[in-house]
Every structure is written in structure tokens, then in C-alpha cells.
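Scroll down for the structure; my scribbles are underneath it.
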Amino acid sequence: MRTPDRSECYNDPVTEPEEDFTVPQAALIVSVGGVVLGTIPFVLIWGFLHGWGQGQWGPVAAWLSGLLTVFAVVVALYQTLLARQEAEATRANAAEEMRLVEERHTRQLAQAEASMDASRTFHIEQLAVTQHNREVDAVKSIAKNITKANAQTSIYTFDYLDELAENNGELADSGLVRLTNFLTQFEYYRTVATVAMADIRDKEIAREALRSLSAAVAAATAVRAAVEAGTDPKNFLGIEKTAEKARNTNNEFQMFALRKLSPNGPPLKETQGPRTAAVDES
């Protein structure tokens with residue numbers, strides 16, 4: 001079924017002109033008038049030529065009066081016909097103009113709505129792109145800072161064990177200071193990673209990021225507990241496995257986020273080994 005357009009809904013249907021007067025009828029009326037007007041001089045000439053008297057001219061006068069009346073009626077009817085045709089033409093022109101105005105208004109309204117839809121779609125797409133970029137940047141920041149935190153844990157662990165080996169199981173007084181520095185640096189990286197998580201909208205990525213950060217915290221906590229337990233190297237049994245788990249968990253997080261956010265883009269992964277050089281906090 002065809003749906004009527006807006007112009008059809010708002011415009012009244014054009015009324016068909018009545019059949020009171022048609023062009024053939026008007027032509028007939030004009031012809032009759034011509035015959036009437038042509039008859040009058042013919043009768044006058046005929047009467048004068050045949051010497052009509054009072055008895056003949058009286059009825060002729062009545063007939064002439066009737067013919068003139070008919071002619072006047074014919075003229076009036078013809079003028080009425082012309083006026084009606086002009087009114088019909090004016091009405092048709094007005095209706096056509098209204099239709100054109102309504103169509104133009106409908107077209108302009110449709111164009112405005114299309115422009116608004118396009119603008120709304122553009123802004124939605126821009127917001128989506130902005131949010132996507134923020135999530136990518138957040139993932140990079142989280143991965144980078146967890147990598148630095150895990151690196152600090154590995155560096156401190158190996159330095160601590162090296163110092164024990166060099167000093168026959170004894171630590172210098174600066175050992176506790178180095179522990180405090182390690183924990184301070186680790187806490188800094190953990191805080192930056194935690195703040196970056198606020199820009200993650202994907203629940204699965206946020207869950208993996210939290211899992212990676214929790215593994216890093218668990219490794220650092222294990223190192224701290226081993227140091228506080230004493231200088232026996234046995235306290236560090238299993239520490240490397242905990243640190244390796246933290247690194248692997250962070251690698252898994254980065255690969256998962258890469259698949260979710262940038263399936264065709266550059267890798268987000270930070271290279272991470274069991275022991276890396278010290279990382280500048282800046």
C-alpha cells in the first residue's frame with residue numbers, strides 16, 4: 001500500500017469543476033446571441049421593404065424586445081461563465097502553490113532531520129573513537145607501570161641475594177633503606193596503574209588488568225615478607241616463581257587487551273624478562 005506523502009495529508013483534494021457550463025455550451029450561447037442580434041436588422045429591413053403598418057410593427061416590437069432580453073441574458077450568462085472559469089483557474093493556481101510550498105517545507109524538514117541525524121551519528125562515532133583511544137592509552141599505561149613494578153621487584157630481589165652472597169649472609173645497614181626505596185617505587189607504579197584503570201570501560205579488560213596488578217602486588221609482598229623474616233636465603237624459595245607468575249599474568253593481560261582493542265593495530269605489549277635494568281620514574 002502506498003503511504004500518502006505529507007502534501008497529500010495537508011492539502012484539501014481539488015474539487016472537480018461542476019458541469020454547469022462547458023466550452024461547447026458557451027459556444028452555443030454565443031452563437032444564439034449572434035443569431036438574435038443578426039435577426040433584428042433583418043426584420044427591420046424586411047418590414048420597411050414590404051411597407052408594414054401599425055398592425056405588423058406592434059408584434060415585431062414585442063418580438064424585438066424579447067430578442068434583446070434573450071441577448072442580455074446570453075451576455076450575462078457568458079460573463080458568468082468567464083468569471084467562473086477565472087475563479088476556477090485562481091483556485092487551481094492557489095492549490096498548486098500550496099502544494100509546492102508544502103512539498104518544499106517537507107523537503108527542507110527532511111533535509112534538516114537528515115543533517116541532525118548525520119551530526120548526531122558523527123558525534124557518537126567521535127565519542128566512541130575518543131573512548132577507544134582513552135582505553136588504549138589506559139591499557140598501555142597500566143601494562144607499562146605493572147612492568148616497571150615487576151622489574152623493581154626482580155631487581156631488588158637479585159640485588160638482595162647478591163649482597164647476602166657477597167657478605168656471607170650479612171646485610172649492611174643500608175639494606176632496610178633499599179627495601180624502603182623499593183617499596184616506595186613499587187607503590188608509585190601501582191598507584192599510576194590503578195588510576196589508569198578508571199578509563200577502562202570494558203569489564204573483561206578491567207578484570208584482567210586487576211588480575212595482573214594483583215599478581216604484581218603478591219610478588220612484591222612475598223619479597224617483603226622474605227626480607228622481614230631474616231637473612232636466610234631459604235626465605236626466598238619460591239619467590240622467583242611468584243615473580244614469574246606476575247610477569248606472565250601481565251603479558252597475558254596485554255595480549256588480551258590487544259585482541260579486544262586493537263585486533264589489527266600495533267602491539268600493546270611491553271617486553272618483560274626475569275630481570276631488567278632500573279627504570280626511570282619519569
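Following the order of the C-alpha cells, first chain is A, next is B, and so on, with residues numbered from 1 inside each chain and ligands from 1 in the order they appear.
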> Got a sec: who's within 9 Å of Ala257 in chain A, counting only C-alpha atoms, leaving out chain neighbours fewer than 3 positions off, as a ChimeraX atom specification?
Replying inline: /A:136,139,204-205,208-209,252-254,260-262,268
Can those selected residues be exported to a file as a PDB file, in the first residue's frame so that it contains C-alpha atoms?
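out_38.pdb written:
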ATOM      1  CA  VAL A 136      44.108   2.025  24.532  1.00  0.00           C
ATOM      2  CA  VAL A 139      45.944  -0.215  28.804  1.00  0.00           C
ATOM      3  CA  GLU A 204      36.788  -8.059  30.808  1.00  0.00           C
ATOM      4  CA  ILE A 205      39.834  -5.861  30.219  1.00  0.00           C
ATOM      5  CA  GLU A 208      42.420  -8.832  33.512  1.00  0.00           C
ATOM      6  CA  ALA A 209      44.180  -5.584  34.471  1.00  0.00           C
ATOM      7  CA  GLU A 252      48.510 -12.257  29.293  1.00  0.00           C
ATOM      8  CA  PHE A 253      46.704  -9.055  30.200  1.00  0.00           C
ATOM      9  CA  GLN A 254      48.459  -7.123  27.440  1.00  0.00           C
ATOM     10  CA  LYS A 260      39.981  -6.661  22.360  1.00  0.00           C
ATOM     11  CA  LEU A 261      41.005  -3.115  21.459  1.00  0.00           C
ATOM     12  CA  SER A 262      43.457  -3.295  18.552  1.00  0.00           C
ATOM     13  CA  LEU A 268      50.475  -3.048  23.161  1.00  0.00           C
TER      14      LEU A 268
END
> Suppose you want the space between CA of Phe182 in chain A and CA of Ile146 in chain A; what is it in Å?
Replying inline: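 Separating CA of Phe182 in chain A from CA of Ile146 in chain A is a distance of 14.0 Å.
Reported to one decimal place, the separation of CA of Thr153 in chain A from CA of Asn250 in chain A is 13.9 Å.
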>> I need the residue nearest Tyr188 in chain A from this list: A:His105, A:Arg134, A:Arg99, A:Lys148. Use only C-alpha atoms for the distance.
In response: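 Counting only C-alpha atoms, the residue closest to Tyr188 in chain A is A:Lys148.
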> When you draw a straight line from CA of Met98 in chain A to CA of Leu82 in chain A, how long is it in Å?
Replying inline: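 About the pair CA of Met98 in chain A and CA of Leu82 in chain A: they are 24.2 Å apart.
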> Can you tell me, as a PyMOL selection string, what residues are no more than 8 Å from Asn150 in chain A when counting only C-alpha atoms, ignoring any on the same chain fewer than 6 positions away?
Replying inline: chain A and resi 216+219-220+243+246-247
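For the choices A:Asn133, A:Phe256, A:Ala95, A:Ser141, the atom-to-atom distance to Arg207 in chain A is smallest for A:Phe256 when using only C-alpha atoms.
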> Which is closer to Phe186 in chain A than all the others in A:Ser65, A:Ala114, A:Arg224, A:Asn235, using only C-alpha atoms?
Replying inline: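 Of the candidates, the smallest distance to Phe186 in chain A is held by A:Arg224.
Remark: for Arg201 in chain A, the closest of the candidate residues A:Ala128, A:Ile239, A:Leu176, A:Leu164 is A:Ala128 (distances computed over only C-alpha atoms).
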> For Val195 in chain A, which of A:Ala87, A:Ala215, A:Leu210, A:Leu109 is the closest residue, counting only C-alpha atoms?
Replying inline: A:Leu210
